[in-house]
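**Student:** I have a structure I would like to understand better, so I am pasting it below and will then ask my questions one at a time.
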Amino acid sequence: MPISWPPASIRNEFGVATLSLGNAKYHKLQPRLEAAARAGYRWIDLFDECWAAYLEEHGLSGDQLWEATPENLQVARKLGDLVKSLGMRIACTQPLRKIEGIKDPSERQATLDLVAKRFPFMRAFDTDLVFMCASIRTDHGVTSDLKTVAKDLADLGDMAKAYSKADGGRMLRIGYEGLSWATRNTWASSWEAVRMANRPNVGLIVDAFNVLAVEFADPYNPAGHGRIYPTLQESINVLCASLAGLVASVPGDRIFFFQVGDAERMDPKKFLPPADPNVPVLLPWSRSHRLYPFETERGGYMPVHLVAAAVIATGYQGPMSLEVFNSSLNQPGAEVVETHARRGINGLRKLADSLRHVPAFWEMWQRGTREFGWSPVLRTGRL
C-alpha cells in the first residue's frame, strides 16, 4: 500500500553502480569501492565488466567470470569481504541481457542455465539479487508474447528458489527492468510480465532514466527542449498520470531495486541519431550523456524527483542507487573516481531532500485533478 505522504524522513540508503564511478579499463575496482565508502554510499551495484576486470587483476580469466571454480569463488568471497570491510554491501549483480522470449527450447534452456551459473557467486558476494534488462532482440528467434516472457521469469524464479532451498541460504531473487530501447520499455509493460510470472522472488526494477527516456524525454526533438511534448506542463501531466498508476498498482515490496540518473539536454543540431540502423536510437544518449540527479549546471533537466517520489510512495524500502554512464567516466586518473563519487552522493542527497516538497500527485490524479488541465507538480516550483 502507498505510504502517507510526505514521509517524515527518507530512510532509503544510497547506492552506486561500479561503472558509475569509473570505467574498468582505467580504474581498478578496489579504489572505486574505497572512494564510494569515503563518500558515504552503503550499497554497491556490481557490473559484470567490473567483476571480470577484478578477476583478471587476480590472474584469472575475465571471460570465465561465472565459472564456479574454486579459484573464481575464492576471489568472489574476497570481493564480498572487501565491500563489507568498507561498511557497504553488494546489492546486486547485473546485467543479464537477451534472456527472455527465446523460442527454440534448447537455446532457451541453455540461456536460463547461464543465469543459474551466477547463483554460487551471489552466495560468495553475499547478495541475493540479480537482474535482467528486457530483451532488445527483434529477430525471428524470439517473441515478446506476454505469456512466454512471464513463464521465463517464473522459471528463473523457480530455479533461484530451488537453489536457495538446496543450500539453505536466503532466497535468491530475480529482478526485471524495462530498458528504454527494449521491446518492453516501460515500467508498466515490465510490471505486467512480473505480475503474470506470479513468483514472490521475481520483482520489478525501476530505473528513473529509463522511465523518463520513454515517457518524458526526446533528446533529438528539433525544438531543442529535449521533451516529447511541446510544453513542460503537458509533459509533466502525462508523466504524472503514468507514475500515479505505478503507485496505485505496484506494491513497494515488489520493487526489488531503484536506480536513478538524469541526462543532459542535447543540442539537436549537433546531436544526431545514429547512422547505423542497428544501433538503438537512445543508446548514444544513454551511454555517454547521463548525469547525477539535480546537475542542472551540466545540462540535466529531467524530473528524476517525480519518479523517485512515486517509487518511495509505494513503500519501497531498498536503496536509491545511481546508474550513470557518461564519457567523463572513461578517462584515466584517480581524480575521476573521487570527483564522480562526490558528485553522485551530492545528487542523491539533493534528491532525498527534494522529495518532501513533492505533493502526492498520485492522489490528485485519482481524484481527477488531471481533468482541470493543470499540474500540481508545476505549482510547487520544483521544475
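Please note that chains go A, B, ... in the order of the C-alpha cells, that every chain numbers its residues from 1, and that ligands are numbered from 1 in the order shown.
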Applying 12 Å and only C-alpha atoms, which residues near A:Leu60 remain after dropping the ones on its own chain fewer than 4 positions away? List them as a ChimeraX atom specification.
**Tutor:** /A:51-56,64-67,69-76
**Student:** Could you save those same residues with C-alpha atoms as a CSV table (one decimal), in the first residue's frame?
**Tutor:**
```csv
chain,number,residue,atom,x,y,z
A,51,TRP,CA,33.8,-8.2,-11.8
A,52,ALA,CA,35.6,-9.6,-14.9
A,53,ALA,CA,38.3,-7.0,-14.5
A,54,TYR,CA,38.7,-7.8,-10.8
A,55,LEU,CA,39.2,-11.5,-11.7
A,56,GLU,CA,41.9,-10.5,-14.2
A,64,GLN,CA,35.1,-17.1,-17.4
A,65,LEU,CA,33.5,-14.8,-14.9
A,66,TRP,CA,30.7,-17.2,-14.0
A,67,GLU,CA,32.5,-20.5,-14.0
A,69,THR,CA,35.8,-22.9,-10.0
A,70,PRO,CA,37.4,-22.8,-6.5
A,71,GLU,CA,39.7,-20.0,-7.7
A,72,ASN,CA,36.9,-17.8,-9.0
A,73,LEU,CA,34.7,-18.3,-6.0
A,74,GLN,CA,37.6,-17.6,-3.7
A,75,VAL,CA,38.1,-14.2,-5.4
A,76,ALA,CA,34.4,-13.6,-5.2
```
**Student:** Find the residues near A:Gln331: any atom within 12 Å, counting only C-alpha atoms, skip ones fewer than 4 places away on the same chain, and give them as a PyMOL selection string.
**Tutor:** chain A and resi 21-27+326-327+335-337+339-340
**Student:** Taking the DSSP assignment computed from this structure's backbone, write out as an MDAnalysis selection string all residues of stretch 119-365 of chain A that belong to strand (DSSP E).
**Tutor:** chainID A and resid 129:133 173:177 202:207 255:260 262:263 290:291 320:322
**Student:** Of the candidates A:Ala208, A:Met320, A:Met171, A:Met302, which one gets nearest to A:Gly226 if we count only C-alpha atoms?
**Tutor:**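 Looking at the shortest contact to A:Gly226, the residue is A:Met302.
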**Student:** Between atom CA of A:Leu153 and atom CA of A:Glu192, what is the distance, to one decimal in Å?
**Tutor:**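 That distance, rounded to one decimal, is 11.5 Å.
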**Student:** Which stretch 241-350 of chain A residues have any atom within 12 Å of an atom of stretch 92-116 of chain A, and for each, what is the nearest pair of atoms with distance in Å to one decimal, counting only C-alpha atoms, rows sorted by chain and number, as CSV?
**Tutor:**
```
residue,atom,partner,partner_atom,distance
A:Phe256,CA,A:Cys92,CA,9.9
A:Phe257,CA,A:Cys92,CA,8.8
A:Phe258,CA,A:Cys92,CA,11.4
A:Gln259,CA,A:Cys92,CA,11.7
A:Gly318,CA,A:Cys92,CA,11.6
A:Pro319,CA,A:Cys92,CA,10.9
A:Ser321,CA,A:Cys92,CA,10.8
A:Glu323,CA,A:Gln94,CA,11.4
```
**Student:** Could you write out that same residue set with C-alpha atoms as a compact mmCIF listing (two decimals), in the first residue's frame?
**Tutor:**
```
# COMPACT_ATOMS: atom_id res chain seq x y z
CA PHE A 256 13.39 -5.04 -5.89
CA PHE A 257 15.73 -2.17 -6.81
CA PHE A 258 15.52 1.50 -7.74
CA GLN A 259 18.12 3.21 -9.93
CA GLY A 318 15.54 -0.57 -0.68
CA PRO A 319 18.43 1.59 -1.86
CA SER A 321 21.20 3.66 -6.34
CA GLU A 323 23.26 4.21 -12.54
```
**Student:** Could you list, as a PyMOL selection string, every residue within 12 Å of A:Ile10, counting only C-alpha atoms and ignoring same-chain residues fewer than 5 positions away?
**Tutor:** chain A and resi 3+5+308-309+311-313+315-320+348-356
**Student:** Just the residues within 12 Å of stretch 28-30 of chain A, please, counting only C-alpha atoms, with nothing from its chain fewer than 4 positions along; format it as a VMD selection string.
**Tutor:** chain A and resid 17 to 24 34 to 37 44 46 to 58 78 to 83 85 to 86 332 to 334 337
**Student:** Create the file for the chosen residues now, containing C-alpha atoms and written as a compact mmCIF listing (two decimals), in the first residue's frame.
**Tutor:**
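The resulting file, again10.txt, is reproduced below:
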```
# COMPACT_ATOMS: atom_id res chain seq x y z
CA ALA A 17 26.83 1.17 -9.67
CA THR A 18 30.51 0.32 -10.05
CA LEU A 19 30.51 1.67 -13.61
CA SER A 20 29.16 4.99 -12.34
CA LEU A 21 32.45 5.63 -10.52
CA GLY A 22 34.79 4.98 -13.42
CA ASN A 23 35.43 2.68 -16.35
CA ALA A 24 37.02 -0.67 -15.51
CA GLU A 34 37.15 2.83 -1.30
CA ALA A 35 36.09 6.14 -2.84
CA ALA A 36 32.44 5.08 -2.58
CA ALA A 37 32.85 4.27 1.10
CA ILE A 44 27.20 -1.37 -4.48
CA LEU A 46 28.27 -4.78 -9.23
CA PHE A 47 28.54 -4.71 -13.02
CA ASP A 48 29.79 -7.75 -14.90
CA GLU A 49 32.57 -5.78 -16.60
CA CYS A 50 33.95 -4.71 -13.24
CA TRP A 51 33.79 -8.22 -11.81
CA ALA A 52 35.56 -9.59 -14.89
CA ALA A 53 38.33 -6.98 -14.54
CA TYR A 54 38.70 -7.83 -10.84
CA LEU A 55 39.21 -11.49 -11.73
CA GLU A 56 41.87 -10.51 -14.24
CA GLU A 57 43.66 -8.47 -11.57
CA HIS A 58 43.94 -11.75 -9.67
CA LYS A 78 37.42 -11.80 -1.24
CA LEU A 79 35.47 -9.10 -3.07
CA GLY A 80 32.42 -9.57 -0.88
CA ASP A 81 34.56 -9.33 2.25
CA LEU A 82 36.29 -6.20 0.91
CA VAL A 83 32.98 -4.46 0.33
CA SER A 85 35.02 -4.24 5.40
CA LEU A 86 34.34 -0.80 3.91
CA PRO A 332 42.24 7.92 -16.57
CA GLY A 333 43.27 9.49 -13.29
CA ALA A 334 42.34 8.92 -9.64
CA VAL A 337 36.77 8.41 -9.33
```
**Student:** So what do you get for atom CA of A:Tyr176 versus atom CA of A:Phe121, distance-wise?
**Tutor:**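 Separation between atom CA of A:Tyr176 and atom CA of A:Phe121: 19.3 Å.
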**Student:** List the spatial neighbours of A:Asp267 as an MDAnalysis selection string - criterion: any atom at most 12 Å away, only C-alpha atoms, same-chain residues fewer than 4 positions off excluded.
**Tutor:** chainID A and resid 218:226 271:273 285 299
**Student:** One decimal, in Å: what's the spacing between atom CA of A:Leu146 and atom CA of A:Met196?
**Tutor:**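 Calculated distance between atom CA of A:Leu146 and atom CA of A:Met196 is 8.2 Å.
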